[in-house]
Each structure stands twice: as C-alpha cells, then as structure tokens.
>>> print(open('target.csv').read())   # CSV, C-alpha atoms
chain,number,residue,atom,x,y,z
A,1,MET,CA,140.9,196.1,87.9
A,2,TYR,CA,144.0,197.8,86.5
A,3,TYR,CA,145.5,198.1,89.9
A,4,TRP,CA,144.8,194.4,90.7
A,5,HIS,CA,146.6,193.5,87.5
A,6,LYS,CA,149.6,195.6,88.5
A,7,LEU,CA,149.6,194.1,92.0
A,8,LEU,CA,149.4,190.5,90.7
A,9,PHE,CA,152.2,191.2,88.1
A,10,ALA,CA,154.4,192.7,90.9
A,11,VAL,CA,153.9,189.7,93.2
A,12,TRP,CA,154.5,187.2,90.3
A,13,SER,CA,157.7,189.1,89.3
A,14,TYR,CA,159.0,189.0,92.9
A,15,PHE,CA,158.5,185.2,93.2
A,16,VAL,CA,160.1,184.6,89.8
A,17,ARG,CA,163.2,186.7,90.9
A,18,ARG,CA,163.4,184.8,94.2
A,19,TRP,CA,163.0,181.5,92.4
A,20,CYS,CA,166.0,182.2,90.2
A,21,LEU,CA,168.2,182.8,93.2
A,22,PHE,CA,167.6,179.3,94.6
A,23,SER,CA,170.0,176.5,93.9
A,24,ASN,CA,168.9,173.3,92.0
A,25,VAL,CA,168.8,171.4,95.3
A,26,GLU,CA,166.5,174.0,96.9
A,27,LYS,CA,164.3,174.1,93.8
A,28,ASN,CA,163.9,170.3,93.9
A,29,ALA,CA,163.2,170.4,97.6
A,30,ILE,CA,160.4,173.0,97.1
A,31,ILE,CA,158.9,171.1,94.2
A,32,PHE,CA,159.0,167.9,96.3
A,33,LEU,CA,157.3,169.6,99.3
A,34,CYS,CA,154.6,171.1,97.0
A,35,ILE,CA,153.9,167.7,95.5
A,36,CYS,CA,153.6,166.1,98.9
A,37,LEU,CA,151.4,168.9,100.1
A,38,SER,CA,149.0,168.3,97.2
A,39,GLN,CA,148.8,164.6,98.4
A,40,PHE,CA,147.7,165.7,101.9
A,41,LEU,CA,145.3,168.2,100.5
A,42,GLY,CA,143.8,165.5,98.3
A,43,ILE,CA,143.3,163.3,101.4
A,44,ALA,CA,141.7,166.2,103.2
A,45,PHE,CA,139.3,166.8,100.3
A,46,LEU,CA,138.4,163.1,100.1
A,47,GLY,CA,137.8,163.1,103.8
A,48,ILE,CA,135.5,166.1,103.6
A,49,GLY,CA,133.6,164.6,100.7
A,50,LEU,CA,133.1,161.2,102.5
A,51,TRP,CA,132.1,163.0,105.7
A,52,ALA,CA,129.5,165.0,103.9
A,53,TRP,CA,128.1,161.9,102.3
A,54,ASN,CA,128.0,160.1,105.6
A,55,GLU,CA,126.1,163.1,107.2
A,56,LYS,CA,123.6,162.9,104.4
A,57,GLY,CA,123.3,159.1,104.7
A,58,VAL,CA,124.6,158.4,101.2
A,59,LEU,CA,127.3,155.9,102.5
A,60,SER,CA,124.6,153.8,104.2
A,61,ASN,CA,122.5,153.8,101.0
A,62,ILE,CA,124.7,154.0,97.9
A,63,SER,CA,121.7,153.9,95.6
A,64,SER,CA,120.7,157.3,96.8
A,65,ILE,CA,123.5,158.9,94.8
A,66,THR,CA,121.3,158.8,91.7
A,67,ASP,CA,118.2,160.1,93.5
A,68,LEU,CA,119.2,163.7,93.5
A,69,GLY,CA,117.9,165.4,90.3
A,70,GLY,CA,120.6,168.2,90.4
A,71,PHE,CA,124.3,168.4,91.0
A,72,ASP,CA,125.8,167.2,94.3
A,73,PRO,CA,128.7,169.6,95.2
A,74,VAL,CA,130.3,166.7,97.2
A,75,TRP,CA,131.4,165.3,93.8
A,76,LEU,CA,133.7,168.3,93.5
A,77,PHE,CA,135.6,167.4,96.7
A,78,LEU,CA,135.8,163.7,95.7
A,79,VAL,CA,137.0,164.2,92.2
A,80,VAL,CA,139.4,167.1,92.9
A,81,GLY,CA,140.7,165.2,96.1
A,82,GLY,CA,141.1,162.0,94.2
A,83,VAL,CA,143.1,163.6,91.4
A,84,MET,CA,145.3,165.5,93.8
A,85,PHE,CA,145.9,162.4,95.9
A,86,ILE,CA,146.9,160.3,92.9
A,87,LEU,CA,149.2,162.9,91.5
A,88,GLY,CA,150.7,163.7,94.9
A,89,PHE,CA,151.2,160.0,95.7
A,90,ALA,CA,152.9,159.2,92.4
A,91,GLY,CA,155.1,162.3,92.5
A,92,CYS,CA,156.0,162.0,96.2
A,93,ILE,CA,156.6,158.3,96.4
A,94,GLY,CA,158.2,158.2,93.0
A,95,ALA,CA,160.8,160.9,94.0
A,96,LEU,CA,161.5,159.2,97.4
A,97,ARG,CA,161.9,155.7,96.0
A,98,GLU,CA,163.4,156.9,92.7
A,99,ASN,CA,160.7,154.9,91.0
A,100,THR,CA,160.8,155.7,87.3
A,101,PHE,CA,157.3,154.2,86.6
A,102,LEU,CA,155.6,156.5,89.2
A,103,LEU,CA,157.5,159.5,87.9
A,104,LYS,CA,156.6,158.8,84.3
A,105,PHE,CA,153.0,158.2,85.4
A,106,PHE,CA,153.1,161.6,87.2
A,107,SER,CA,154.4,163.4,84.1
A,108,VAL,CA,152.0,161.7,81.8
A,109,PHE,CA,149.0,162.4,84.1
A,110,LEU,CA,149.9,166.1,84.3
A,111,GLY,CA,150.3,166.1,80.5
A,112,ILE,CA,146.8,164.5,80.0
A,113,ILE,CA,145.2,167.1,82.4
A,114,PHE,CA,146.8,170.0,80.5
A,115,PHE,CA,145.7,168.5,77.2
A,116,LEU,CA,142.2,168.0,78.4
A,117,GLU,CA,142.0,171.6,79.7
A,118,LEU,CA,143.3,172.9,76.4
A,119,THR,CA,140.9,170.8,74.4
A,120,ALA,CA,138.0,171.8,76.6
A,121,GLY,CA,138.8,175.5,76.1
A,122,ILE,CA,139.0,175.1,72.3
A,123,LEU,CA,135.8,173.1,72.1
A,124,ALA,CA,134.0,175.6,74.4
A,125,PHE,CA,135.1,178.5,72.0
A,126,VAL,CA,134.1,176.6,68.9
A,127,PHE,CA,130.8,175.2,70.2
A,128,LYS,CA,129.9,178.1,72.5
A,129,ASP,CA,126.2,178.2,71.6
A,130,TRP,CA,125.9,174.5,72.4
A,131,ILE,CA,127.8,174.9,75.6
A,132,LYS,CA,125.5,177.8,76.5
A,133,ASP,CA,122.4,175.7,75.9
A,134,GLN,CA,123.9,172.8,78.0
A,135,LEU,CA,124.8,175.2,80.8
A,136,TYR,CA,121.3,176.6,80.8
A,137,PHE,CA,119.8,173.1,80.9
A,138,PHE,CA,122.2,172.2,83.8
A,139,ILE,CA,121.3,175.3,85.8
A,140,ASN,CA,117.6,174.7,85.4
A,141,ASN,CA,117.9,171.1,86.5
A,142,ASN,CA,119.6,172.4,89.7
A,143,ILE,CA,116.9,175.0,90.2
A,144,ARG,CA,114.3,172.1,90.1
A,145,ALA,CA,116.3,170.3,92.8
A,146,TYR,CA,117.0,173.4,94.9
A,147,ARG,CA,115.2,172.0,98.0
A,148,ASP,CA,116.3,168.4,97.5
A,149,ASP,CA,119.9,168.7,98.8
A,150,ILE,CA,121.2,171.2,101.4
A,151,ASP,CA,124.7,171.3,99.8
A,152,LEU,CA,123.2,172.2,96.4
A,153,GLN,CA,121.0,174.8,98.0
A,154,ASN,CA,123.9,176.4,99.7
A,155,LEU,CA,125.9,176.4,96.4
A,156,ILE,CA,123.1,178.1,94.5
A,157,ASP,CA,122.6,180.7,97.2
A,158,PHE,CA,126.3,181.4,97.3
A,159,THR,CA,126.5,181.8,93.5
A,160,GLN,CA,123.5,184.1,93.3
A,161,GLU,CA,124.7,186.2,96.2
A,162,TYR,CA,128.3,186.5,95.0
A,163,TRP,CA,127.3,187.4,91.4
A,164,GLN,CA,124.2,189.3,92.5
A,165,CYS,CA,122.1,187.5,90.0
A,166,CYS,CA,118.9,185.4,89.9
A,167,GLY,CA,118.3,182.3,87.8
A,168,ALA,CA,120.0,181.2,84.6
A,169,PHE,CA,118.4,183.8,82.3
A,170,GLY,CA,116.3,185.6,84.9
A,171,ALA,CA,114.1,185.3,87.9
A,172,ASP,CA,111.4,183.6,85.9
A,173,ASP,CA,113.5,180.4,85.8
A,174,TRP,CA,112.4,179.8,89.4
A,175,ASN,CA,109.0,179.0,88.1
A,176,LEU,CA,110.5,175.5,87.4
A,177,ASN,CA,110.8,174.8,91.1
A,178,ILE,CA,107.7,173.2,92.6
A,179,TYR,CA,108.0,175.4,95.7
A,180,PHE,CA,108.4,178.8,93.9
A,181,ASN,CA,106.1,178.0,91.0
A,182,CYS,CA,103.4,180.6,90.5
A,183,THR,CA,100.6,178.3,89.4
A,184,ASP,CA,97.2,178.4,91.2
A,185,SER,CA,97.6,174.8,92.2
A,186,ASN,CA,100.8,175.5,94.2
A,187,ALA,CA,100.0,175.6,97.9
A,188,SER,CA,103.5,176.4,99.0
A,189,ARG,CA,104.0,179.6,101.1
A,190,GLU,CA,106.9,180.4,98.8
A,191,ARG,CA,104.6,180.5,95.8
A,192,CYS,CA,105.4,183.3,93.3
A,193,GLY,CA,108.7,183.9,95.1
A,194,VAL,CA,112.4,183.4,94.7
A,195,PRO,CA,115.1,182.4,97.1
A,196,PHE,CA,116.5,185.0,99.5
A,197,SER,CA,119.8,184.9,97.6
A,198,CYS,CA,118.0,186.6,94.7
A,199,CYS,CA,117.2,189.6,96.8
A,200,THR,CA,119.1,192.8,97.5
A,201,LYS,CA,120.1,193.6,101.0
A,202,ASP,CA,118.3,196.1,103.3
A,203,PRO,CA,121.0,198.7,104.3
A,204,ALA,CA,119.0,199.4,107.5
A,205,VAL,CA,119.0,195.8,108.7
A,206,ILE,CA,122.4,194.0,108.4
A,207,GLY,CA,122.2,190.6,106.9
A,208,VAL,CA,118.5,190.7,106.1
A,209,PRO,CA,117.3,190.8,102.5
A,210,HIS,CA,114.8,193.5,101.4
A,211,ALA,CA,112.3,190.7,100.8
A,212,ALA,CA,112.3,189.6,104.4
A,213,VAL,CA,111.2,193.1,105.3
A,214,ALA,CA,108.8,193.8,102.4
A,215,VAL,CA,107.0,190.7,101.5
A,216,GLY,CA,108.0,187.5,103.3
A,217,GLN,CA,110.8,185.3,104.4
A,218,TYR,CA,111.9,184.2,101.0
A,219,SER,CA,110.1,186.2,98.4
A,220,CYS,CA,111.3,189.5,97.0
A,221,TRP,CA,108.6,189.5,94.4
A,222,SER,CA,105.4,191.5,94.6
A,223,SER,CA,102.3,189.6,95.6
A,224,HIS,CA,101.5,189.1,91.9
A,225,HIS,CA,103.9,187.5,89.5
A,226,SER,CA,103.1,190.0,86.8
A,227,HIS,CA,105.6,192.6,88.0
A,228,PHE,CA,108.8,192.8,90.1
A,229,SER,CA,109.5,194.6,93.3
A,230,ASP,CA,112.0,197.4,92.8
A,231,ARG,CA,114.3,195.7,95.3
A,232,GLU,CA,115.1,192.6,93.2
A,233,VAL,CA,118.3,191.7,91.4
A,234,PHE,CA,117.3,191.6,87.7
A,235,ARG,CA,120.5,190.3,86.2
A,236,SER,CA,120.7,186.6,85.1
A,237,CYS,CA,123.5,184.4,86.5
A,238,MET,CA,124.7,183.4,83.0
A,239,SER,CA,125.1,187.1,82.0
A,240,ALA,CA,126.8,187.8,85.4
A,241,GLY,CA,129.2,184.9,84.8
A,242,SER,CA,130.0,186.1,81.3
A,243,SER,CA,130.7,189.6,82.5
A,244,THR,CA,132.9,188.3,85.3
A,245,LYS,CA,135.0,186.3,82.9
A,246,GLY,CA,135.3,189.2,80.5
A,247,VAL,CA,136.8,191.5,83.2
>>> encode(input="target.csv", output="structure tokens")
Amino acid sequence: MYYWHKLLFAVWSYFVRRWCLFSNVEKNAIIFLCICLSQFLGIAFLGIGLWAWNEKGVLSNISSITDLGGFDPVWLFLVVGGVMFILGFAGCIGALRENTFLLKFFSVFLGIIFFLELTAGILAFVFKDWIKDQLYFFINNNIRAYRDDIDLQNLIDFTQEYWQCCGAFGADDWNLNIYFNCTDSNASRERCGVPFSCCTKDPAVIGVPHAAVAVGQYSCWSSHHSHFSDREVFRSCMSAGSSTKGV
C-alpha cells in the first residue's frame, strides 16, 4: 500500500502544479465543463435507474417498490443521478445565464452536502456501536431478500467476492434465508448451503468455485451444517469492510 500512496501523491502533485499554470479564464472553463459533465452523468444515472425499474416492471406497478424486503440497488443510481443532475443544472445554467439565484443555490447545495457528510462521519464515530448494529440488521435483511431481486443478488455476490467474505458476521447468517436455511423442513436443494460468492475458487477450473466441484452448484459447506468445508471463506463481511477501511 505504501507504493500506492506514493503514486497517488505524485499524480495529485502533478495535477496541482499543472493547475497553477492555468490562467483564470482556463480555470473557469475547466470548472464549467466539469459541472456540465456532472449534469450529463446525472442524466445517464437517472436513465439507467429508470431503465432497470422498467425491466423489472416497477414503473408499470409503482406499489411494487415497497414489496422488496431488502435494498434495491437501483435507488443508488436514482439518488446519485438526481443529485448530480440538480447540481449540474444549477451550476451550468447559472453560469451561462449569469443567474445569481441558481449560482447561490449551487453553492448552498454543495455546502449542505459537505456539512451532511461531516456530520455523518462524526456521528458514525461517536455512535459506532449503534451504527454497527444497524449495519448488521441491514445486511441480514438483505440476506433474507437475496433471491427476491436480481440486482440485490448481484450486489451481494459482488461484495462477497470482492472482499472474500461471507455473511455479516459469518456464514451462519445465511441461515436467515429461506433457501439456504438448514432446518429439516426446508426442501430447497440449496439447504445448508451458502451462495457461490462465499466460496473460494478452484485453481484447476477457471471461474468455477470449489463448491461447484466438491458439493453442489451453490454450496461450499459439507453435507452437514455442523462443520465447514476447508474451502470456504471464513471471514465475515463486516470485519472485511473494517479491515479495508483501516488499510
């Protein structure tokens, strides 16, 4: 990580030096282009979000928004896209038309966002135990809804594969899902298992988890829930996230 820090510092120093060489007119033009670009990116994010909802049939049945028990990743595109579009529109049009109201709105909106981020960081540090409990509750709710939404499923799989983790506090959290639950009454073929994203990769077969070779398509557990296969990722996702932030 030390070399990454040196590389990032060198890149940042280069751009700062180049920025100081620009005239005020060039600086204003670059800032204006960046603001307008954020507006177009916001429109793109909003378009992707609305397209995803249309593909899932949400736009034809608005009440289905509340049916999903977990988090719908489409909200990220809509919220981020909406904020970027509003900021870009106010800054771009305000600069073009020299509209003081839009420029003041742009400045105040940026200030509010910065203040909210600062406040959230302070509150997260002060109430870190409460935040940890709420995060654990949030992750478990999404584990329960793992099969309910394909976007949520892909987000969970990406997170577990990227951080090489399984569950909020461990693989036992997947007992909360009706398909992976290890009770005798569960008739699912994924019973006593975990998603493939919890499993380590088989070096002999590119792209196929150990579980797909050893036990079944999705499970990297042993046939009984009492002990783990030696090919499973033991680390919890919350500990993986904490270690990543601490690097």
>>> atom_distance(input="target.csv", atom1="CA of Gly170 (chain A)", atom2="CA of Ser185 (chain A)")
22.8 Å
>>> closest_residue(input="target.csv", among="A:Val74, A:Ile48, A:Leu96, A:Leu8", to="Leu155 (chain A)", atoms="all atoms listed in the file")
A:Val74
>>> atom_distance(input="target.csv", atom1="CA of Glu98 (chain A)", atom2="CA of Val80 (chain A)")
26.1 Å
>>> closest_residue(input="target.csv", among="A:Asn54, A:Gly91, A:Phe101, A:Arg189", to="Asn28 (chain A)", atoms="only C-alpha atoms")
A:Gly91
>>> closest_residue(input="target.csv", among="A:Ile143, A:Val126, A:Cys199, A:Leu102", to="Trp174 (chain A)", atoms="all atoms listed in the file")
A:Ile143
>>> atom_distance(input="target.csv", atom1="CA of Lys6 (chain A)", atom2="CA of Tyr162 (chain A)")
24.1 Å
>>> closest_residue(input="target.csv", among="A:Glu117, A:Glu26, A:Asp133, A:Glu161", to="Ser197 (chain A)", atoms="only C-alpha atoms")
A:Glu161
>>> closest_residue(input="target.csv", among="A:Cys182, A:Ala90, A:Leu123, A:Leu37", to="Lys104 (chain A)", atoms="only C-alpha atoms")
A:Ala90
>>> closest_residue(input="target.csv", among="A:Gly81, A:Pro73, A:Gly49, A:Gly88", to="Cys34 (chain A)", atoms="all atoms listed in the file")
A:Gly88
